[in-house]
Structures are given as C-alpha cells and as structure tokens.
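Pasted below: input.csv, CSV, C-alpha atoms.
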chain,number,residue,atom,x,y,z
K,994,MET,CA,-9.0,17.2,-16.2
K,995,LEU,CA,-7.6,15.3,-19.1
K,996,VAL,CA,-7.9,18.3,-21.4
K,997,GLY,CA,-6.0,20.4,-18.8
K,998,ILE,CA,-3.2,17.9,-18.7
K,999,PHE,CA,-3.1,17.6,-22.5
K,1000,PHE,CA,-2.9,21.4,-22.7
K,1001,ILE,CA,0.0,21.5,-20.2
K,1002,LYS,CA,1.8,18.9,-22.1
K,1003,GLU,CA,1.3,20.8,-25.4
K,1004,ARG,CA,2.6,24.0,-23.8
K,1005,LEU,CA,5.7,22.2,-22.5
K,1006,VAL,CA,6.4,21.0,-26.0
K,1007,VAL,CA,6.1,24.5,-27.3
K,1008,TYR,CA,8.4,25.9,-24.7
K,1009,LEU,CA,10.9,23.1,-25.5
K,1010,ASP,CA,10.8,24.1,-29.1
K,1011,TYR,CA,11.5,27.8,-28.5
K,1012,SER,CA,14.4,27.8,-26.0
K,1013,PHE,CA,12.4,29.1,-23.1
K,1014,VAL,CA,15.1,29.5,-20.4
K,1015,ASN,CA,18.7,30.6,-21.1
K,1016,GLY,CA,19.1,28.0,-23.9
K,1017,HIS,CA,18.5,25.1,-21.6
K,1018,PHE,CA,15.4,23.9,-23.5
K,1019,GLU,CA,17.3,24.2,-26.8
K,1020,MET,CA,19.8,21.6,-25.4
K,1021,VAL,CA,16.9,19.4,-24.3
K,1022,GLU,CA,15.4,19.5,-27.8
K,1023,ARG,CA,18.6,18.4,-29.5
K,1024,LYS,CA,19.6,15.6,-27.1
K,1025,ASN,CA,16.6,14.0,-25.4
K,1026,LYS,CA,14.7,12.0,-27.9
K,1027,GLU,CA,11.8,10.7,-25.9
K,1028,ILE,CA,8.9,13.1,-25.1
K,1029,THR,CA,9.0,11.7,-21.5
K,1030,ALA,CA,12.6,12.8,-21.1
K,1031,LYS,CA,11.8,16.2,-22.6
K,1032,ILE,CA,9.0,16.7,-20.1
K,1033,VAL,CA,11.2,15.7,-17.1
K,1034,VAL,CA,14.2,17.7,-18.1
K,1035,GLY,CA,12.0,20.6,-19.1
K,1036,ILE,CA,10.2,20.8,-15.8
K,1037,TYR,CA,13.5,20.4,-13.9
K,1038,THR,CA,15.1,23.2,-15.9
K,1039,PHE,CA,12.1,25.5,-15.4
K,1040,GLY,CA,12.2,24.9,-11.6
K,1041,ASN,CA,16.0,25.4,-11.5
K,1042,TRP,CA,15.6,28.7,-13.3
K,1043,VAL,CA,12.9,29.9,-11.0
K,1044,PHE,CA,14.9,28.7,-7.9
K,1045,TYR,CA,18.3,30.2,-8.8
K,1046,GLN,CA,17.9,32.9,-11.4
K,1047,PHE,CA,14.4,34.4,-11.3
K,1048,LYS,CA,14.6,37.6,-9.2
K,1049,ILE,CA,11.2,39.3,-9.1
K,1050,PRO,CA,10.1,38.6,-5.5
K,1051,VAL,CA,6.3,38.8,-6.0
K,1052,ILE,CA,6.2,36.5,-8.9
K,1053,LYS,CA,8.9,34.0,-7.8
K,1054,PRO,CA,6.7,32.1,-5.3
K,1055,ILE,CA,3.9,31.8,-7.8
K,1056,LEU,CA,6.2,30.4,-10.5
K,1057,TYR,CA,7.8,28.0,-7.9
K,1058,PHE,CA,4.3,26.8,-7.0
K,1059,VAL,CA,3.6,26.2,-10.6
K,1060,TYR,CA,6.8,24.2,-10.8
K,1061,LYS,CA,5.9,22.2,-7.7
K,1062,ILE,CA,2.5,21.2,-9.2
K,1063,LEU,CA,4.1,20.3,-12.6
K,1064,ASN,CA,6.9,18.4,-10.8
K,1065,PHE,CA,4.4,16.5,-8.6
K,1066,VAL,CA,1.9,15.5,-11.3
K,1067,PHE,CA,4.3,14.7,-14.2
K,1068,VAL,CA,7.6,13.8,-12.7
K,1069,LYS,CA,6.8,12.2,-9.4
K,1070,ILE,CA,3.5,10.6,-10.1
K,1071,LEU,CA,3.8,9.6,-13.8
K,1072,PHE,CA,7.5,8.8,-13.9
K,1073,ASN,CA,8.3,8.0,-10.2
K,1074,THR,CA,11.4,10.3,-10.5
K,1075,GLU,CA,12.8,12.9,-8.2
K,1076,ILE,CA,15.0,15.6,-9.7
K,1077,PRO,CA,14.5,18.6,-7.5
K,1078,ALA,CA,15.0,22.2,-8.7
K,1079,GLU,CA,17.7,22.7,-6.1
K,1080,ALA,CA,20.1,20.1,-7.8
K,1081,LYS,CA,22.7,21.7,-10.0
K,1082,PHE,CA,23.3,20.2,-13.4
K,1083,GLY,CA,25.3,21.9,-16.1
K,1084,LYS,CA,23.9,22.3,-19.6
K,1085,GLY,CA,23.3,19.2,-21.7
K,1086,LEU,CA,21.4,16.9,-19.2
K,1087,VAL,CA,20.2,13.9,-21.1
K,1088,ILE,CA,17.9,11.3,-19.6
K,1089,ASN,CA,17.2,8.0,-21.3
K,1090,HIS,CA,14.0,6.4,-19.9
K,1091,PRO,CA,13.2,8.8,-17.1
K,1092,TYR,CA,11.7,6.3,-14.7
K,1093,GLY,CA,12.8,5.8,-11.1
K,1094,ILE,CA,15.6,8.3,-11.0
K,1095,ILE,CA,16.3,9.8,-7.6
K,1096,ILE,CA,18.7,12.8,-7.2
K,1097,ASN,CA,19.5,14.5,-3.9
K,1098,PRO,CA,18.7,18.3,-3.9
K,1099,HIS,CA,22.3,19.1,-2.9
K,1100,VAL,CA,24.0,17.2,-5.8
K,1101,THR,CA,26.3,19.1,-8.2
K,1102,ILE,CA,26.9,17.6,-11.7
K,1103,GLY,CA,28.8,19.3,-14.5
K,1104,LYS,CA,27.9,19.6,-18.2
K,1105,ASN,CA,26.7,16.9,-20.5
K,1106,ALA,CA,25.5,14.3,-18.0
K,1107,THR,CA,23.6,11.3,-19.3
K,1108,LEU,CA,21.4,9.4,-16.8
K,1109,ARG,CA,19.4,6.2,-17.4
K,1110,HIS,CA,16.5,4.7,-15.5
K,1111,GLN,CA,16.7,3.7,-11.8
K,1112,VAL,CA,19.8,5.9,-11.1
K,1113,THR,CA,20.3,7.1,-7.6
K,1114,ILE,CA,22.6,10.0,-6.7
K,1115,GLY,CA,22.6,11.2,-3.1
K,1116,ASN,CA,23.7,10.8,0.5
K,1117,LYS,CA,24.0,7.6,2.5
K,1118,GLY,CA,20.6,8.1,4.2
K,1119,GLY,CA,21.6,9.7,7.4
K,1120,THR,CA,21.0,13.4,8.0
K,1121,LYS,CA,20.3,15.8,5.1
K,1122,ASN,CA,23.7,17.3,5.4
K,1123,ASP,CA,25.4,13.9,5.3
K,1124,GLY,CA,27.3,14.8,2.2
K,1125,VAL,CA,26.5,14.2,-1.4
K,1126,PRO,CA,28.5,13.5,-4.6
K,1127,HIS,CA,30.1,16.3,-6.6
K,1128,ILE,CA,30.6,15.1,-10.2
K,1129,GLY,CA,32.5,16.6,-13.1
K,1130,ASN,CA,31.6,17.1,-16.8
K,1131,ASN,CA,30.7,14.4,-19.3
K,1132,LEU,CA,29.2,11.9,-17.0
K,1133,ASN,CA,27.6,8.7,-18.4
K,1134,VAL,CA,25.6,6.6,-15.9
K,1135,GLY,CA,24.3,3.2,-16.7
K,1136,ALA,CA,20.8,1.9,-15.6
K,1137,GLY,CA,20.4,1.2,-11.9
K,1138,ALA,CA,23.7,2.7,-10.9
K,1139,LYS,CA,24.0,4.2,-7.4
K,1140,ILE,CA,26.4,7.1,-6.5
K,1141,ILE,CA,26.2,7.7,-2.8
K,1142,GLY,CA,28.0,9.6,-0.1
K,1143,PRO,CA,30.3,12.6,0.2
K,1144,ILE,CA,32.5,11.7,-2.8
K,1145,ASN,CA,34.0,13.5,-5.8
K,1146,ILE,CA,34.0,12.0,-9.3
K,1147,GLY,CA,36.1,13.7,-12.1
K,1148,ASP,CA,35.4,14.5,-15.7
K,1149,ASN,CA,34.8,12.0,-18.5
K,1150,VAL,CA,33.6,9.2,-16.3
K,1151,THR,CA,31.4,6.3,-17.4
K,1152,ILE,CA,29.6,4.3,-14.6
K,1153,GLY,CA,28.4,0.9,-15.6
K,1154,THR,CA,25.0,-0.6,-15.1
K,1155,ASN,CA,24.1,-1.4,-11.5
K,1156,ALA,CA,27.5,-0.1,-10.2
K,1157,VAL,CA,27.6,1.2,-6.7
K,1158,VAL,CA,30.1,4.1,-6.3
K,1159,THR,CA,31.0,5.0,-2.7
K,1160,LYS,CA,34.5,6.5,-3.0
K,1161,ASN,CA,36.3,9.2,-4.9
K,1162,PHE,CA,37.5,8.6,-8.5
K,1163,GLY,CA,39.5,10.8,-10.9
K,1164,ASN,CA,39.1,11.7,-14.5
K,1165,HIS,CA,38.8,9.6,-17.7
K,1166,LEU,CA,37.6,6.3,-16.1
K,1167,VAL,CA,35.2,3.5,-16.6
K,1168,LEU,CA,33.7,2.2,-13.4
K,1169,VAL,CA,31.8,-1.1,-12.9
K,1170,GLY,CA,30.8,-3.4,-10.1
K,1171,VAL,CA,29.7,-3.5,-6.5
K,1172,PRO,CA,31.6,-1.7,-5.1
K,1173,ALA,CA,32.7,0.2,-8.2
K,1174,LYS,CA,36.2,-0.4,-9.5
K,1175,ILE,CA,38.2,1.0,-12.4
K,1176,ILE,CA,38.2,-1.4,-15.3
K,1177,LYS,CA,39.6,1.1,-17.9
K,1178,ALA,CA,41.3,4.4,-18.0
K,1179,LEU,CA,40.2,6.4,-21.0

Mind turning the file's structure into structure tokens?
Amino acid sequence: MLVGIFFIKERLVVYLDYSFVNGHFEMVERKNKEITAKIVVGIYTFGNWVFYQFKIPVIKPILYFVYKILNFVFVKILFNTEIPAEAKFGKGLVINHPYGIIINPHVTIGKNATLRHQVTIGNKGGTKNDGVPHIGNNLNVGAGAKIIGPINIGDNVTIGTNAVVTKNFGNHLVLVGVPAKIIKAL
C-alpha cells in the first residue's frame, strides 16, 4: 500500500512538471511552493478537467472515478480539505498550507486566487441551492476567513485573517473583521 501511494505521489509530481492539462499544472508549478499544495491543486485541476472538458463518454466515468479516489485519499483524508471538481477557479490558484479548506461545488472564483488554511467559501448551510459566492479575479484570502451566502465580491480584493464576509463588496478593497468591513480601498 505505501509503495502504491508513493508511486501515485511521484506520478503527480511528474504531471505537475509537464503541464498535463491545458497549462493548469504549469501554473501550479510556478506558484505553489509546497508539495502538499501542488498535490491538492493538481488533483483539483485534474478532476475539473475531467468534469468540464473531457468529452470521450466511455473513458470519462473511469477518469472521474480515478479523480474521486485520489481526492478522497489525498485531499480529504490527508489534508482535511474539500475542493470539489465542480467548483470553478480561473488559472493561477495558489494554496498556502492546504489544510481545512472547504469550498462549495457551486462557487465561481476568477483568476489568481490565493487561499490559506481553514478558509470556507460556500452557502449558509440551508439547501444546496441556497446561493454561493461569486468572486472576481486576484482574490487574496487570509487564514480562517469565511465567505458565505449568495454574494458577489469584485476584483482585486484582499480578505483578512478570520474575516466573515456575508454581503456584497466591489473592486479594489481590503476587508477585515466579523462581519467584514472595508478598511482600505486600493
């Protein structure tokens, strides 16, 4: 079993080095410095590619099953993180310390998002279609921040450590506090 897990880890690193899926892994190699972050983002990117872009009907369920196994073993069990393949991130996803991150499958986030440990982005806990955040490009989220509810957040927003964002915010802002408030316009 340990040899199999080591082999899978080695193969992921090889894929990360060779831009396996539409340039996404190339972006992971340049920005995510920790091997744990490379594994989490790599597995997410593979699953997202299978879910949205892979078109061969006979092979798609097999690849999605492989993704589910990798996601369960490495992302959920080892890192206690949930970043489902259905979530939509633009290129340039960076995760610092990928532990305890929870992302709703219906979330949409633009390019160049940086997430830190214990971040939650999702609905308020009601039904699945309760509404989730839609976030623009160049997001920077501090450790432990929560972004919940059917809200929109603009481009170039920094959300501070442990902030709780529950309402709409525009572009070029720094948000901190519980509930989050604007402390600086960039």

If we count all atoms listed in the file, what is near region 1164-1179 of chain K at a cut-off of 10 Å, once residues fewer than 2 positions away on the same chain are taken out, given as a PDB file with C-alpha atoms, in the coordinates of the input?
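What follows is the written file out-v9.pdb:
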ATOM      1  CA  GLY K1129      32.500  16.600 -13.100  1.00  0.00           C
ATOM      2  CA  ASN K1130      31.600  17.100 -16.800  1.00  0.00           C
ATOM      3  CA  ASN K1131      30.700  14.400 -19.300  1.00  0.00           C
ATOM      4  CA  LEU K1132      29.200  11.900 -17.000  1.00  0.00           C
ATOM      5  CA  ASN K1133      27.600   8.700 -18.400  1.00  0.00           C
ATOM      6  CA  VAL K1134      25.600   6.600 -15.900  1.00  0.00           C
ATOM      7  CA  GLY K1135      24.300   3.200 -16.700  1.00  0.00           C
ATOM      8  CA  ALA K1138      23.700   2.700 -10.900  1.00  0.00           C
ATOM      9  CA  LYS K1139      24.000   4.200  -7.400  1.00  0.00           C
ATOM     10  CA  ILE K1140      26.400   7.100  -6.500  1.00  0.00           C
ATOM     11  CA  ILE K1146      34.000  12.000  -9.300  1.00  0.00           C
ATOM     12  CA  GLY K1147      36.100  13.700 -12.100  1.00  0.00           C
ATOM     13  CA  ASP K1148      35.400  14.500 -15.700  1.00  0.00           C
ATOM     14  CA  ASN K1149      34.800  12.000 -18.500  1.00  0.00           C
ATOM     15  CA  VAL K1150      33.600   9.200 -16.300  1.00  0.00           C
ATOM     16  CA  THR K1151      31.400   6.300 -17.400  1.00  0.00           C
ATOM     17  CA  ILE K1152      29.600   4.300 -14.600  1.00  0.00           C
ATOM     18  CA  GLY K1153      28.400   0.900 -15.600  1.00  0.00           C
ATOM     19  CA  THR K1154      25.000  -0.600 -15.100  1.00  0.00           C
ATOM     20  CA  ASN K1155      24.100  -1.400 -11.500  1.00  0.00           C
ATOM     21  CA  ALA K1156      27.500  -0.100 -10.200  1.00  0.00           C
ATOM     22  CA  VAL K1157      27.600   1.200  -6.700  1.00  0.00           C
ATOM     23  CA  VAL K1158      30.100   4.100  -6.300  1.00  0.00           C
ATOM     24  CA  THR K1159      31.000   5.000  -2.700  1.00  0.00           C
ATOM     25  CA  LYS K1160      34.500   6.500  -3.000  1.00  0.00           C
ATOM     26  CA  PHE K1162      37.500   8.600  -8.500  1.00  0.00           C
TER      27      PHE K1162
END

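For the atom pair formed by CA of His1099 (chain K) and CA of Tyr1060 (chain K), the distance is 18.1 Å, given to one decimal.
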
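Nearest-residue note for Asp1123 (chain K): choosing from K:Asn1145, K:Gln1111, K:Lys1061, K:Asn1097, the minimum distance belongs to K:Asn1097, counting only C-alpha atoms.
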
*asked:* Please compute the CA of Glu1027 (chain K)-CA of Tyr1057 (chain K) distance, one decimal, in Å.
replied: 25.3 Å

Would you fill the gaps in region 1142-1153 of chain K so it has all heavy atoms, then print it as a PDB file, in the coordinates of the input?
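Saved the output as result_35.pdb:
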ATOM      1  N   GLY K1142      27.053   9.119  -1.074  1.00  0.00           N
ATOM      2  CA  GLY K1142      28.000   9.600  -0.100  1.00  0.00           C
ATOM      3  C   GLY K1142      28.751  10.838  -0.484  1.00  0.00           C
ATOM      4  O   GLY K1142      28.602  11.344  -1.591  1.00  0.00           O
ATOM      5  N   PRO K1143      29.553  11.369   0.428  1.00  0.00           N
ATOM      6  CA  PRO K1143      30.300  12.600   0.200  1.00  0.00           C
ATOM      7  C   PRO K1143      31.542  12.358  -0.670  1.00  0.00           C
ATOM      8  O   PRO K1143      32.659  12.327  -0.159  1.00  0.00           O
ATOM      9  CB  PRO K1143      30.644  13.097   1.579  1.00  0.00           C
ATOM     10  CG  PRO K1143      30.747  11.844   2.379  1.00  0.00           C
ATOM     11  CD  PRO K1143      29.748  10.892   1.799  1.00  0.00           C
ATOM     12  N   ILE K1144      31.351  12.116  -1.953  1.00  0.00           N
ATOM     13  CA  ILE K1144      32.500  11.700  -2.800  1.00  0.00           C
ATOM     14  C   ILE K1144      32.607  12.739  -3.974  1.00  0.00           C
ATOM     15  O   ILE K1144      31.690  13.510  -4.264  1.00  0.00           O
ATOM     16  CB  ILE K1144      32.280  10.319  -3.393  1.00  0.00           C
ATOM     17  CG1 ILE K1144      30.998  10.221  -4.220  1.00  0.00           C
ATOM     18  CG2 ILE K1144      32.282   9.302  -2.278  1.00  0.00           C
ATOM     19  CD1 ILE K1144      30.817   8.895  -4.912  1.00  0.00           C
ATOM     20  N   ASN K1145      33.762  12.700  -4.630  1.00  0.00           N
ATOM     21  CA  ASN K1145      34.000  13.500  -5.800  1.00  0.00           C
ATOM     22  C   ASN K1145      34.362  12.544  -6.961  1.00  0.00           C
ATOM     23  O   ASN K1145      35.150  11.617  -6.802  1.00  0.00           O
ATOM     24  CB  ASN K1145      35.206  14.443  -5.595  1.00  0.00           C
ATOM     25  CG  ASN K1145      34.870  15.511  -4.574  1.00  0.00           C
ATOM     26  OD1 ASN K1145      33.880  16.212  -4.711  1.00  0.00           O
ATOM     27  ND2 ASN K1145      35.682  15.620  -3.546  1.00  0.00           N
ATOM     28  N   ILE K1146      33.751  12.818  -8.109  1.00  0.00           N
ATOM     29  CA  ILE K1146      34.000  12.000  -9.300  1.00  0.00           C
ATOM     30  C   ILE K1146      34.439  13.044 -10.379  1.00  0.00           C
ATOM     31  O   ILE K1146      33.780  14.065 -10.578  1.00  0.00           O
ATOM     32  CB  ILE K1146      32.784  11.242  -9.752  1.00  0.00           C
ATOM     33  CG1 ILE K1146      32.418  10.229  -8.661  1.00  0.00           C
ATOM     34  CG2 ILE K1146      33.031  10.543 -11.078  1.00  0.00           C
ATOM     35  CD1 ILE K1146      31.150   9.479  -8.918  1.00  0.00           C
ATOM     36  N   GLY K1147      35.526  12.742 -11.078  1.00  0.00           N
ATOM     37  CA  GLY K1147      36.100  13.700 -12.100  1.00  0.00           C
ATOM     38  C   GLY K1147      35.325  13.747 -13.361  1.00  0.00           C
ATOM     39  O   GLY K1147      34.205  13.257 -13.502  1.00  0.00           O
ATOM     40  N   ASP K1148      35.973  14.347 -14.369  1.00  0.00           N
ATOM     41  CA  ASP K1148      35.400  14.500 -15.700  1.00  0.00           C
ATOM     42  C   ASP K1148      35.562  13.259 -16.536  1.00  0.00           C
ATOM     43  O   ASP K1148      36.464  12.460 -16.315  1.00  0.00           O
ATOM     44  CB  ASP K1148      36.112  15.671 -16.429  1.00  0.00           C
ATOM     45  CG  ASP K1148      35.886  17.023 -15.750  1.00  0.00           C
ATOM     46  OD1 ASP K1148      34.875  17.170 -15.047  1.00  0.00           O
ATOM     47  OD2 ASP K1148      36.721  17.918 -15.958  1.00  0.00           O
ATOM     48  N   ASN K1149      34.680  13.126 -17.521  1.00  0.00           N
ATOM     49  CA  ASN K1149      34.800  12.000 -18.500  1.00  0.00           C
ATOM     50  C   ASN K1149      34.750  10.663 -17.849  1.00  0.00           C
ATOM     51  O   ASN K1149      35.610   9.827 -18.107  1.00  0.00           O
ATOM     52  CB  ASN K1149      35.987  12.195 -19.391  1.00  0.00           C
ATOM     53  CG  ASN K1149      36.006  13.537 -20.086  1.00  0.00           C
ATOM     54  OD1 ASN K1149      35.018  13.935 -20.677  1.00  0.00           O
ATOM     55  ND2 ASN K1149      37.112  14.245 -19.972  1.00  0.00           N
ATOM     56  N   VAL K1150      33.748  10.433 -17.008  1.00  0.00           N
ATOM     57  CA  VAL K1150      33.600   9.200 -16.300  1.00  0.00           C
ATOM     58  C   VAL K1150      32.369   8.438 -16.773  1.00  0.00           C
ATOM     59  O   VAL K1150      31.306   9.040 -16.896  1.00  0.00           O
ATOM     60  CB  VAL K1150      33.576   9.377 -14.771  1.00  0.00           C
ATOM     61  CG1 VAL K1150      33.285   8.081 -14.038  1.00  0.00           C
ATOM     62  CG2 VAL K1150      34.867   9.987 -14.283  1.00  0.00           C
ATOM     63  N   THR K1151      32.523   7.143 -17.036  1.00  0.00           N
ATOM     64  CA  THR K1151      31.400   6.300 -17.400  1.00  0.00           C
ATOM     65  C   THR K1151      31.206   5.306 -16.225  1.00  0.00           C
ATOM     66  O   THR K1151      32.152   4.657 -15.788  1.00  0.00           O
ATOM     67  CB  THR K1151      31.666   5.503 -18.678  1.00  0.00           C
ATOM     68  OG1 THR K1151      31.830   6.440 -19.743  1.00  0.00           O
ATOM     69  CG2 THR K1151      30.530   4.564 -18.996  1.00  0.00           C
ATOM     70  N   ILE K1152      29.975   5.233 -15.729  1.00  0.00           N
ATOM     71  CA  ILE K1152      29.600   4.300 -14.600  1.00  0.00           C
ATOM     72  C   ILE K1152      28.708   3.272 -15.166  1.00  0.00           C
ATOM     73  O   ILE K1152      27.646   3.578 -15.705  1.00  0.00           O
ATOM     74  CB  ILE K1152      29.012   5.119 -13.454  1.00  0.00           C
ATOM     75  CG1 ILE K1152      30.019   6.153 -12.936  1.00  0.00           C
ATOM     76  CG2 ILE K1152      28.575   4.171 -12.352  1.00  0.00           C
ATOM     77  CD1 ILE K1152      29.471   7.123 -11.939  1.00  0.00           C
ATOM     78  N   GLY K1153      29.096   2.028 -15.021  1.00  0.00           N
ATOM     79  CA  GLY K1153      28.400   0.900 -15.600  1.00  0.00           C
ATOM     80  C   GLY K1153      27.036   0.626 -14.945  1.00  0.00           C
ATOM     81  O   GLY K1153      26.732   1.096 -13.847  1.00  0.00           O
TER      82      GLY K1153
END
